[in-house]
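J.: I'm passing along work.tsv; it holds TSV, C-alpha atoms.
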```tsv
chain	number	residue	atom	x	y	z
A	248	SER	CA	5.40	-48.30	-39.34
A	249	ARG	CA	2.93	-49.65	-36.81
A	250	PRO	CA	-0.67	-48.45	-37.33
A	251	PHE	CA	-2.53	-46.54	-34.65
A	252	ARG	CA	-6.24	-46.73	-33.92
A	253	LEU	CA	-8.48	-43.81	-34.89
A	254	ASP	CA	-12.09	-44.59	-33.96
A	255	THR	CA	-12.69	-47.85	-35.84
A	256	HIS	CA	-9.88	-47.47	-38.37
A	257	ASP	CA	-6.22	-48.47	-38.46
A	258	VAL	CA	-4.20	-45.46	-39.63
A	259	TYR	CA	-0.72	-45.79	-41.10
A	260	VAL	CA	1.85	-42.98	-41.06
A	261	THR	CA	5.00	-42.85	-43.17
A	262	ALA	CA	7.93	-40.47	-42.86
A	263	SER	CA	10.34	-38.79	-45.23
A	264	ALA	CA	13.69	-37.73	-43.76
A	265	GLY	CA	16.43	-35.43	-45.00
A	266	ILE	CA	19.88	-35.66	-43.45
A	267	SER	CA	22.74	-33.17	-43.39
A	268	LEU	CA	26.12	-33.78	-41.80
A	269	TYR	CA	28.40	-31.36	-39.93
A	270	PRO	CA	30.75	-29.92	-41.06
A	271	ASP	CA	30.59	-30.88	-44.75
A	272	ASP	CA	26.99	-29.71	-45.25
A	273	GLY	CA	27.13	-26.63	-43.03
A	274	GLU	CA	29.03	-25.15	-40.15
A	275	ASP	CA	26.07	-23.78	-38.20
A	276	ALA	CA	22.57	-24.89	-37.32
A	277	LYS	CA	20.90	-22.60	-39.88
A	278	ASP	CA	22.74	-24.09	-42.87
A	279	LEU	CA	22.41	-27.64	-41.57
A	280	PHE	CA	18.64	-27.30	-41.13
A	281	LYS	CA	18.26	-25.64	-44.54
A	282	ASN	CA	20.18	-28.40	-46.30
A	283	ALA	CA	18.43	-31.17	-44.37
A	284	ASP	CA	15.13	-29.62	-45.46
A	285	THR	CA	16.29	-29.68	-49.10
A	286	ALA	CA	17.17	-33.36	-48.75
A	287	MET	CA	13.81	-34.10	-47.13
A	288	TYR	CA	11.92	-32.65	-50.10
A	289	ARG	CA	14.07	-34.74	-52.40
A	290	ALA	CA	12.99	-37.82	-50.43
A	291	LYS	CA	9.36	-36.79	-50.95
A	292	GLN	CA	9.91	-36.29	-54.67
A	293	GLN	CA	11.45	-39.74	-54.98
A	294	GLY	CA	8.54	-41.72	-53.60
A	295	LYS	CA	8.22	-40.71	-49.92
A	296	ASP	CA	8.64	-43.03	-46.93
A	297	THR	CA	12.40	-42.91	-47.40
A	298	TYR	CA	15.46	-40.79	-46.54
A	299	ARG	CA	18.06	-38.85	-48.51
A	300	PHE	CA	21.41	-37.37	-47.55
A	301	TYR	CA	22.05	-33.80	-48.68
A	302	THR	CA	24.33	-33.25	-51.68
A	303	GLU	CA	25.51	-30.03	-53.31
A	304	GLU	CA	23.86	-31.15	-56.56
A	305	MET	CA	20.47	-30.76	-54.86
A	306	ASN	CA	21.02	-27.04	-54.44
A	307	MET	CA	22.17	-26.74	-58.05
A	308	GLU	CA	19.03	-28.54	-59.24
A	309	ASP	CA	16.88	-26.33	-57.01
A	310	ARG	CA	18.47	-23.21	-58.50
A	311	GLU	CA	17.87	-24.55	-62.01
A	312	ARG	CA	14.28	-25.36	-61.09
A	313	LEU	CA	13.77	-21.87	-59.67
A	314	GLU	CA	15.20	-20.30	-62.83
A	315	LEU	CA	12.90	-22.41	-64.99
A	316	GLU	CA	9.93	-21.46	-62.82
A	317	ASN	CA	10.78	-17.76	-63.22
A	318	GLN	CA	10.94	-18.17	-67.00
A	319	LEU	CA	7.63	-20.07	-67.02
A	320	ARG	CA	5.97	-17.14	-65.28
A	321	LYS	CA	7.05	-14.94	-68.20
A	322	ALA	CA	6.47	-17.55	-70.90
A	323	ILE	CA	3.06	-16.49	-72.22
A	324	ASP	CA	3.72	-12.73	-72.20
A	325	GLN	CA	7.20	-13.14	-73.69
A	326	ASP	CA	6.09	-15.63	-76.39
A	327	TYR	CA	8.39	-18.36	-75.10
A	328	LEU	CA	5.71	-21.05	-75.59
A	329	VAL	CA	5.32	-22.68	-78.99
A	330	LEU	CA	3.39	-25.66	-80.33
A	331	TYR	CA	4.70	-28.40	-82.56
A	332	TYR	CA	2.43	-30.84	-84.38
A	333	GLN	CA	3.04	-34.55	-84.94
A	334	PRO	CA	0.83	-36.41	-87.43
A	335	ARG	CA	-1.33	-39.38	-86.48
A	336	VAL	CA	-1.55	-41.75	-89.43
A	337	ASN	CA	-4.05	-44.35	-90.63
A	338	ILE	CA	-2.03	-47.58	-90.53
A	339	LEU	CA	-3.59	-49.00	-93.71
A	340	THR	CA	-3.68	-45.96	-96.00
A	341	GLY	CA	-0.86	-43.80	-94.61
A	342	GLU	CA	-3.20	-40.81	-94.60
A	343	ILE	CA	-2.95	-38.16	-91.90
A	344	ILE	CA	-6.08	-38.42	-89.77
A	345	GLY	CA	-4.94	-36.38	-86.81
A	346	MET	CA	-2.29	-34.12	-85.32
A	347	GLU	CA	-1.06	-34.07	-81.74
A	348	ALA	CA	-0.18	-30.62	-80.43
A	349	LEU	CA	3.07	-30.79	-78.45
A	350	LEU	CA	4.17	-27.94	-76.19
A	351	ARG	CA	7.71	-26.55	-76.15
A	352	LEU	CA	9.37	-23.75	-74.23
A	353	GLU	CA	11.77	-21.95	-76.56
A	354	HIS	CA	13.92	-19.54	-74.58
A	355	PRO	CA	16.69	-17.24	-75.89
A	356	GLN	CA	19.14	-18.46	-73.21
A	357	LEU	CA	17.82	-21.85	-72.15
A	358	GLY	CA	17.14	-23.05	-75.70
A	359	THR	CA	14.34	-25.54	-76.41
A	360	VAL	CA	12.94	-27.06	-73.21
A	361	LEU	CA	10.75	-30.17	-73.50
A	362	PRO	CA	7.58	-30.71	-71.41
A	363	ASP	CA	9.08	-33.39	-69.18
A	364	GLN	CA	11.43	-30.69	-67.87
A	365	PHE	CA	8.82	-28.08	-66.99
A	366	ILE	CA	5.30	-29.55	-66.77
A	367	SER	CA	5.78	-30.76	-63.18
A	368	ILE	CA	6.92	-27.25	-62.20
A	369	ALA	CA	3.91	-25.75	-63.94
A	370	GLU	CA	1.62	-28.14	-62.05
A	371	ASP	CA	3.25	-27.49	-58.66
A	372	THR	CA	2.99	-23.71	-59.09
A	373	GLY	CA	-0.49	-23.64	-60.65
A	374	LEU	CA	0.93	-22.14	-63.85
A	375	ILE	CA	-0.44	-25.13	-65.75
A	376	ILE	CA	-3.91	-23.53	-65.68
A	377	PRO	CA	-3.05	-20.40	-67.75
A	378	ILE	CA	-0.63	-22.46	-69.87
A	379	GLY	CA	-3.36	-25.00	-70.58
A	380	LYS	CA	-5.76	-22.25	-71.64
A	381	TRP	CA	-3.06	-20.80	-73.92
A	382	VAL	CA	-2.53	-24.21	-75.55
A	383	LEU	CA	-6.23	-24.74	-76.24
A	384	ARG	CA	-6.71	-21.19	-77.60
A	385	THR	CA	-3.59	-21.45	-79.78
A	386	VAL	CA	-4.67	-24.83	-81.21
A	387	CYS	CA	-8.11	-23.42	-82.01
A	388	GLN	CA	-6.57	-20.36	-83.70
A	389	GLN	CA	-4.25	-22.59	-85.74
A	390	HIS	CA	-7.17	-24.79	-86.76
A	391	LYS	CA	-9.00	-21.72	-88.07
A	392	ALA	CA	-5.87	-20.45	-89.83
A	393	TRP	CA	-5.41	-23.76	-91.66
A	394	SER	CA	-9.09	-23.83	-92.59
A	395	LYS	CA	-8.86	-20.31	-94.06
A	396	GLN	CA	-5.95	-21.53	-96.22
A	397	GLY	CA	-8.31	-24.09	-97.72
A	398	LEU	CA	-6.62	-27.04	-96.02
A	399	SER	CA	-8.54	-30.05	-94.84
A	400	VAL	CA	-7.58	-29.90	-91.18
A	401	PRO	CA	-7.33	-33.25	-89.35
A	402	GLN	CA	-8.49	-33.66	-85.78
A	403	ILE	CA	-6.03	-32.04	-83.36
A	404	SER	CA	-5.35	-33.70	-80.00
A	405	ILE	CA	-4.32	-31.76	-76.90
A	406	ASN	CA	-2.65	-33.17	-73.78
A	407	MET	CA	-4.33	-32.27	-70.50
A	408	SER	CA	-2.51	-32.61	-67.18
A	409	GLY	CA	-4.03	-33.94	-63.99
A	410	ARG	CA	-3.82	-30.51	-62.36
A	411	GLN	CA	-5.84	-29.00	-65.21
A	412	PHE	CA	-8.44	-31.73	-64.94
A	413	MET	CA	-8.91	-30.96	-61.23
A	414	ASP	CA	-9.53	-27.28	-61.92
A	415	PRO	CA	-13.15	-26.57	-60.84
A	416	ASN	CA	-13.46	-24.07	-63.71
A	417	LEU	CA	-12.20	-26.53	-66.34
A	418	VAL	CA	-15.43	-27.01	-68.32
A	419	GLU	CA	-16.33	-23.32	-68.12
A	420	ASN	CA	-12.88	-22.24	-69.35
A	421	ILE	CA	-12.91	-24.73	-72.23
A	422	ASN	CA	-16.42	-23.71	-73.28
A	423	GLU	CA	-15.40	-20.06	-73.26
A	424	ILE	CA	-12.44	-20.67	-75.59
A	425	ILE	CA	-14.47	-22.86	-77.95
A	426	GLU	CA	-17.18	-20.20	-78.26
A	427	GLU	CA	-14.61	-17.41	-78.59
A	428	THR	CA	-12.70	-19.08	-81.43
A	429	GLY	CA	-15.63	-20.72	-83.19
A	430	VAL	CA	-13.89	-24.09	-83.56
A	431	ALA	CA	-16.15	-27.14	-83.21
A	432	ALA	CA	-15.32	-29.34	-80.23
A	433	LYS	CA	-15.65	-32.44	-82.43
A	434	ASP	CA	-12.53	-31.31	-84.33
A	435	LEU	CA	-10.47	-31.59	-81.14
A	436	GLU	CA	-9.44	-34.45	-78.89
A	437	LEU	CA	-8.42	-34.23	-75.25
A	438	GLU	CA	-5.74	-36.67	-74.06
A	439	LEU	CA	-5.50	-37.63	-70.39
A	440	THR	CA	-3.11	-40.13	-68.84
A	441	GLU	CA	-4.36	-43.45	-67.55
A	442	THR	CA	-2.59	-42.91	-64.20
A	443	PHE	CA	-4.48	-39.74	-63.42
A	444	LEU	CA	-7.90	-40.95	-64.60
A	445	MET	CA	-7.78	-43.86	-62.17
A	446	GLU	CA	-6.98	-41.69	-59.14
A	447	ASN	CA	-10.62	-40.66	-58.74
A	448	PRO	CA	-12.63	-42.64	-61.28
A	449	THR	CA	-16.04	-41.54	-59.98
A	450	ARG	CA	-15.26	-37.85	-60.48
A	451	THR	CA	-13.51	-38.67	-63.76
A	452	ILE	CA	-16.70	-40.17	-65.20
A	453	ILE	CA	-18.65	-37.01	-64.38
A	454	ILE	CA	-16.13	-34.57	-65.89
A	455	LEU	CA	-15.53	-36.70	-68.97
A	456	GLY	CA	-19.30	-36.87	-69.46
A	457	GLU	CA	-19.50	-33.07	-69.46
A	458	LEU	CA	-16.65	-32.80	-71.99
A	459	LYS	CA	-18.27	-35.43	-74.22
A	460	TRP	CA	-21.57	-33.53	-74.05
A	461	ILE	CA	-19.78	-30.43	-75.37
A	462	GLY	CA	-18.57	-32.59	-78.27
A	463	PHE	CA	-14.91	-33.41	-77.53
A	464	ASN	CA	-13.30	-36.71	-78.38
A	465	ILE	CA	-11.52	-38.26	-75.41
A	466	SER	CA	-8.33	-40.33	-75.47
A	467	ILE	CA	-6.47	-42.21	-72.73
A	468	ASP	CA	-2.76	-41.53	-73.20
A	469	ASP	CA	0.15	-43.75	-72.09
A	470	PHE	CA	-2.18	-46.72	-71.75
A	471	GLY	CA	-0.67	-49.78	-70.10
A	472	THR	CA	1.56	-47.91	-67.65
A	473	ALA	CA	-0.94	-47.98	-64.77
A	474	TYR	CA	-3.56	-50.32	-63.38
A	475	SER	CA	-6.98	-49.72	-64.89
A	476	SER	CA	-10.09	-51.39	-63.59
A	477	LEU	CA	-11.95	-52.73	-66.62
A	478	ALA	CA	-15.19	-52.05	-64.75
A	479	TYR	CA	-14.34	-48.33	-64.79
A	480	LEU	CA	-12.68	-48.38	-68.20
A	481	LYS	CA	-15.88	-49.46	-69.92
A	482	ARG	CA	-17.77	-46.68	-68.09
A	483	PHE	CA	-15.40	-43.92	-69.19
A	484	PRO	CA	-16.86	-42.12	-72.24
A	485	ILE	CA	-13.63	-42.47	-74.25
A	486	ASP	CA	-12.94	-42.84	-77.96
A	487	ARG	CA	-9.28	-43.91	-78.15
A	488	LEU	CA	-6.58	-45.77	-76.29
A	489	LYS	CA	-2.97	-44.79	-76.99
A	490	ILE	CA	-0.52	-47.59	-76.30
A	491	ASP	CA	2.46	-46.17	-74.43
A	492	ARG	CA	5.67	-45.91	-76.45
A	493	SER	CA	7.56	-47.94	-73.83
A	494	PHE	CA	5.80	-51.08	-75.10
A	495	ILE	CA	6.44	-50.23	-78.76
A	496	SER	CA	10.14	-49.34	-78.54
A	497	ASP	CA	11.42	-52.92	-78.01
A	498	ILE	CA	9.21	-54.61	-80.60
A	499	PRO	CA	10.07	-57.12	-82.07
A	500	ASP	CA	12.96	-57.89	-79.69
A	501	ASP	CA	10.93	-58.16	-76.47
A	502	PRO	CA	8.28	-60.92	-76.47
A	503	ASP	CA	6.69	-59.53	-73.29
A	504	ASP	CA	6.10	-56.11	-74.88
A	505	MET	CA	4.69	-57.83	-77.96
A	506	ALA	CA	2.30	-59.86	-75.81
A	507	ILE	CA	1.18	-56.80	-73.84
A	508	THR	CA	0.63	-54.75	-76.99
A	509	LYS	CA	-1.32	-57.60	-78.60
A	510	SER	CA	-3.52	-57.89	-75.49
A	511	ILE	CA	-4.22	-54.15	-75.34
A	512	ILE	CA	-5.27	-54.10	-79.00
A	513	ALA	CA	-7.58	-57.11	-78.48
A	514	MET	CA	-9.13	-55.54	-75.37
A	515	ALA	CA	-9.68	-52.19	-77.12
A	516	LYS	CA	-11.42	-53.92	-80.01
A	517	SER	CA	-13.73	-55.76	-77.61
A	518	LEU	CA	-14.67	-52.40	-76.07
A	519	ASN	CA	-15.15	-50.81	-79.53
A	520	LEU	CA	-12.32	-48.34	-78.91
A	521	TRP	CA	-10.01	-46.93	-81.59
A	522	ILE	CA	-6.42	-47.93	-80.89
A	523	VAL	CA	-3.35	-45.75	-81.47
A	524	ALA	CA	0.28	-46.83	-81.07
A	525	GLU	CA	2.72	-44.02	-80.32
A	526	GLY	CA	6.48	-44.00	-80.68
A	527	VAL	CA	6.59	-46.05	-83.90
A	528	GLU	CA	10.14	-45.87	-85.24
A	529	THR	CA	10.72	-48.87	-87.52
A	530	GLU	CA	9.19	-50.90	-90.33
A	531	SER	CA	9.16	-54.03	-88.15
A	532	GLN	CA	7.14	-52.24	-85.45
A	533	LEU	CA	4.69	-51.03	-88.08
A	534	SER	CA	4.33	-54.53	-89.57
A	535	PHE	CA	3.64	-56.08	-86.16
A	536	LEU	CA	1.02	-53.45	-85.28
A	537	LYS	CA	-0.66	-53.83	-88.66
A	538	ALA	CA	-0.82	-57.61	-88.22
A	539	GLN	CA	-2.50	-57.18	-84.82
A	540	GLY	CA	-5.18	-54.87	-86.23
A	541	CYS	CA	-3.95	-51.55	-84.77
A	542	GLN	CA	-5.77	-48.76	-86.59
A	543	GLU	CA	-3.59	-45.71	-86.09
A	544	VAL	CA	0.10	-44.98	-85.49
A	545	GLN	CA	2.25	-42.03	-84.55
A	546	GLY	CA	6.00	-41.64	-84.41
A	547	ASN	CA	9.22	-40.57	-86.09
A	548	TYR	CA	8.95	-43.38	-88.67
A	549	PHE	CA	6.37	-41.14	-90.30
A	550	SER	CA	7.26	-37.68	-89.04
A	551	CYS	CA	8.93	-36.02	-86.09
A	552	PRO	CA	7.04	-33.18	-84.37
A	553	LEU	CA	6.85	-30.23	-86.79
A	554	ASN	CA	6.71	-26.48	-86.27
A	555	VAL	CA	3.74	-24.65	-87.74
A	556	GLU	CA	5.45	-23.89	-91.06
A	557	ALA	CA	6.54	-27.50	-91.62
A	558	ALA	CA	3.17	-28.87	-90.51
A	559	THR	CA	1.45	-26.53	-92.97
A	560	GLU	CA	3.67	-27.77	-95.80
A	561	LEU	CA	2.87	-31.36	-94.88
A	562	LEU	CA	-0.89	-30.73	-94.91
A	563	GLN	CA	-0.56	-29.02	-98.29
A	564	LYS	CA	1.40	-31.99	-99.63
A	565	GLU	CA	-1.21	-34.38	-98.23
A	566	GLN	CA	-3.91	-32.73	-100.34
A	567	MET	CA	-1.99	-32.81	-103.61
A	568	THR	CA	-3.27	-35.04	-106.43
A	569	ASP	CA	-1.48	-36.57	-109.38
A	570	SER	CA	-2.33	-36.05	-113.06
A	571	ARG	CA	-5.12	-38.62	-112.83
A	572	GLY	CA	-6.69	-36.85	-109.87
A	573	ALA	CA	-5.54	-39.50	-107.41
A	574	LYS	CA	-4.59	-38.29	-103.96
A	575	ILE	CA	-0.88	-38.27	-103.16
A	576	THR	CA	-0.06	-39.39	-99.63
A	577	GLY	CA	3.43	-38.19	-98.85
A	578	ILE	CA	3.88	-39.36	-95.30
A	579	ARG	CA	3.57	-43.14	-95.43
A	580	GLY	CA	6.89	-44.51	-94.28
A	581	ASP	CA	8.63	-41.29	-95.34
A	582	LYS	CA	10.85	-40.10	-92.50
A	583	SER	CA	11.85	-36.99	-94.41
A	584	SER	CA	8.27	-35.69	-94.68
```
What is this structure when it is put down as structure tokens?

T.:
Amino acid sequence: SRPFRLDTHDVYVTASAGISLYPDDGEDAKDLFKNADTAMYRAKQQGKDTYRFYTEEMNMEDRERLELENQLRKAIDQDYLVLYYQPRVNILTGEIIGMEALLRLEHPQLGTVLPDQFISIAEDTGLIIPIGKWVLRTVCQQHKAWSKQGLSVPQISINMSGRQFMDPNLVENINEIIEETGVAAKDLELELTETFLMENPTRTIIILGELKWIGFNISIDDFGTAYSSLAYLKRFPIDRLKIDRSFISDIPDDPDDMAITKSIIAMAKSLNLWIVAEGVETESQLSFLKAQGCQEVQGNYFSCPLNVEAATELLQKEQMTDSRGAKITGIRGDKSS
């Protein structure tokens, strides 16, 4: 833990250690080294600068991870990837003003696999790049399909991982898909997590500027879960802040979460940013957010993520009018929509 001197700098080195024990974890050097190596990588995954003892469960998890990686490599060609859409709702009118595209892996043997189970694997293997291109192209194609049905299509938001954002061909690939599909960039929104944006804020400003020039709306997702310098935040060319669901879930029972949410909304207003609260589940959460001046909400209180067929039905219902020609909004506080 002591630093060493390199020219004029103090350099700190940390270590991750994996430990295997004879004879329980192996009866020869080959198995002991292999299992110690597995434990070492687990130490790295769990924060580094620590140690882990080998357990049999580690090998089981590695085998499951390898199986999932193999299926991810086939996912696009085998049509295992699907998109669900969750409405974003105007908090005052209940109207749908956006849809978030949510990725799922639907496998004949593994069943439905959620992103938190496979996105890290896709990032580690580089598969996130072709998967990200598939998501953008599929969203654009769905936007056109809804438009051809005569539906008024709300803005669709797409999650972008840190690994995608670091891709040197990012802007070129996005431009190619936009031109190929003919969908206007202004009809789409790109969501990036606060944690990643702050890793290299100088580069972030440049890339976000290029995406804004193309016409995309930009949103910071999971806001409040990382430290953001306000000096950089006001320089990012962003349109929306999405308050992380972890702050919403315990409202109104947790006064700290209420105070944090209230502060985020006030800050966003001072920066002229649109504010979205995700993970809204209850009437009391909705009432609190409305009282604080939050403009947009998303969550199962209004609608769970929907497959294409259900999302289409919802958009059709949204455009219905009553006998007097008044618009019928079928999603406001209607969990069954």

J.: Between A:Lys537, A:Lys391, A:Lys295, A:Arg312, single out the one closest to Thr428 of chain A, counting only C-alpha atoms.

T.: A:Lys391

J.: Out of A:Gln356, A:Ser248, A:Thr372, A:Gln566, which residue has the shortest atom-to-atom distance to Gln411 of chain A when counting all atoms listed in the file?

T.: A:Thr372

J.: Write out as a list in words which residues come within 6 Å of Val523 of chain A when counting all atoms listed in the file, dropping same-chain ones fewer than 3 positions away.

T.: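 With the cut-off at 6 Å, the set is Lys489, Glu543 and Val544 of chain A.
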
J.: What lies within 10 Å of Ile507 of chain A using only C-alpha atoms, ignoring chain neighbours under 4 positions off, as a short mmCIF file (atom, residue, chain, number, x, y, z; two decimals) with C-alpha atoms, in the coordinates of the input?

T.:
```cif
data_model
loop_
_atom_site.label_atom_id
_atom_site.label_comp_id
_atom_site.auth_asym_id
_atom_site.auth_seq_id
_atom_site.Cartn_x
_atom_site.Cartn_y
_atom_site.Cartn_z
CA GLY A 471 -0.67 -49.78 -70.10
CA ILE A 490 -0.52 -47.59 -76.30
CA PHE A 494 5.80 -51.08 -75.10
CA ILE A 495 6.44 -50.23 -78.76
CA PRO A 502 8.28 -60.92 -76.47
CA ASP A 503 6.69 -59.53 -73.29
CA ILE A 511 -4.22 -54.15 -75.34
CA ILE A 512 -5.27 -54.10 -79.00
CA ALA A 513 -7.58 -57.11 -78.48
#
```

J.: Show which residues sit within 7 Å of Tyr332 of chain A, as a ChimeraX atom specification. Count all atoms listed in the file, and ignore same-chain residues fewer than 2 positions away.

T.: /A:330,334,346-349,552-554,558

J.: Include C-alpha atoms and write out the residues we just selected as an mmCIF file, keeping the file's coordinate frame.

T.:
```
data_model
loop_
_atom_site.group_PDB
_atom_site.id
_atom_site.type_symbol
_atom_site.label_atom_id
_atom_site.label_comp_id
_atom_site.auth_asym_id
_atom_site.auth_seq_id
_atom_site.Cartn_x
_atom_site.Cartn_y
_atom_site.Cartn_z
ATOM 1 C CA LEU A 330 3.390 -25.660 -80.330
ATOM 2 C CA PRO A 334 0.830 -36.410 -87.430
ATOM 3 C CA MET A 346 -2.290 -34.120 -85.320
ATOM 4 C CA GLU A 347 -1.060 -34.070 -81.740
ATOM 5 C CA ALA A 348 -0.180 -30.620 -80.430
ATOM 6 C CA LEU A 349 3.070 -30.790 -78.450
ATOM 7 C CA PRO A 552 7.040 -33.180 -84.370
ATOM 8 C CA LEU A 553 6.850 -30.230 -86.790
ATOM 9 C CA ASN A 554 6.710 -26.480 -86.270
ATOM 10 C CA ALA A 558 3.170 -28.870 -90.510
#
```

J.: What does the distance between atom CA of Trp393 of chain A and atom CA of Glu565 of chain A come to in Å, to one decimal place?

T.: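 Straight-line distance from atom CA of Trp393 of chain A to atom CA of Glu565 of chain A works out to 13.2 Å.
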
J.: Can you work out the spacing between atom CA of Arg351 of chain A and atom CA of Val329 of chain A in Å, to one decimal?

T.: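 Computing the Euclidean distance for atom CA of Arg351 of chain A and atom CA of Val329 of chain A yields 5.4 Å.
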
J.: Kindly indicate which residue among A:His354, A:Ile424, A:Tyr259, A:Met514 lies nearest to Val386 of chain A, using only C-alpha atoms for the distances.

T.: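 The shortest atom-to-atom distance to Val386 of chain A comes from A:Ile424.
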
J.: Which value, in Å to one decimal, gives the distance between atom CA of Phe463 of chain A and atom CA of Ile344 of chain A?

T.: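 Distance reported for this atom pair: 15.9 Å.
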
J.: Give me, as a PyMOL selection string, all polymer residues having an atom no more than 8 Å from segment 374-383 of chain A, counting all atoms listed in the file and skipping those fewer than 3 positions away in the same chain.

T.: chain A and resi 319-320+323+330+350+366+369-371+386-387+405+407-408+410-411+414+420-421+424

J.: Box for segment 523-534 of chain A: with edges along x, y and z, all listed atoms inside and 3 Å added on each side, what are the centre and edge lengths in Å to one decimal, as JSON?

T.:
```
{"center_x": 3.7, "center_y": -49.3, "center_z": -85.3, "size_x": 20.1, "size_y": 16.5, "size_z": 16.0}
```

J.: Point out the residue among A:Ile453, A:Leu279, A:Val555, A:Cys541 with the least atom-to-atom distance to Gln388 of chain A, counting all atoms listed in the file.

T.: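 For Gln388 of chain A, the nearest of the given residues is A:Val555.
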
J.: Just want the 9 Å neighbourhood of Leu488 of chain A, counted on only C-alpha atoms, with same-chain residues fewer than 4 positions away dropped. Output as a list of chain:residue names.

T.: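 Contacts, with the query itself left out: A:Ser466, A:Ile467, A:Asp468, A:Asp469, A:Phe470, A:Ile511, A:Ile512, A:Ala515, A:Leu520, A:Trp521, A:Ile522, A:Val523, A:Ala524.
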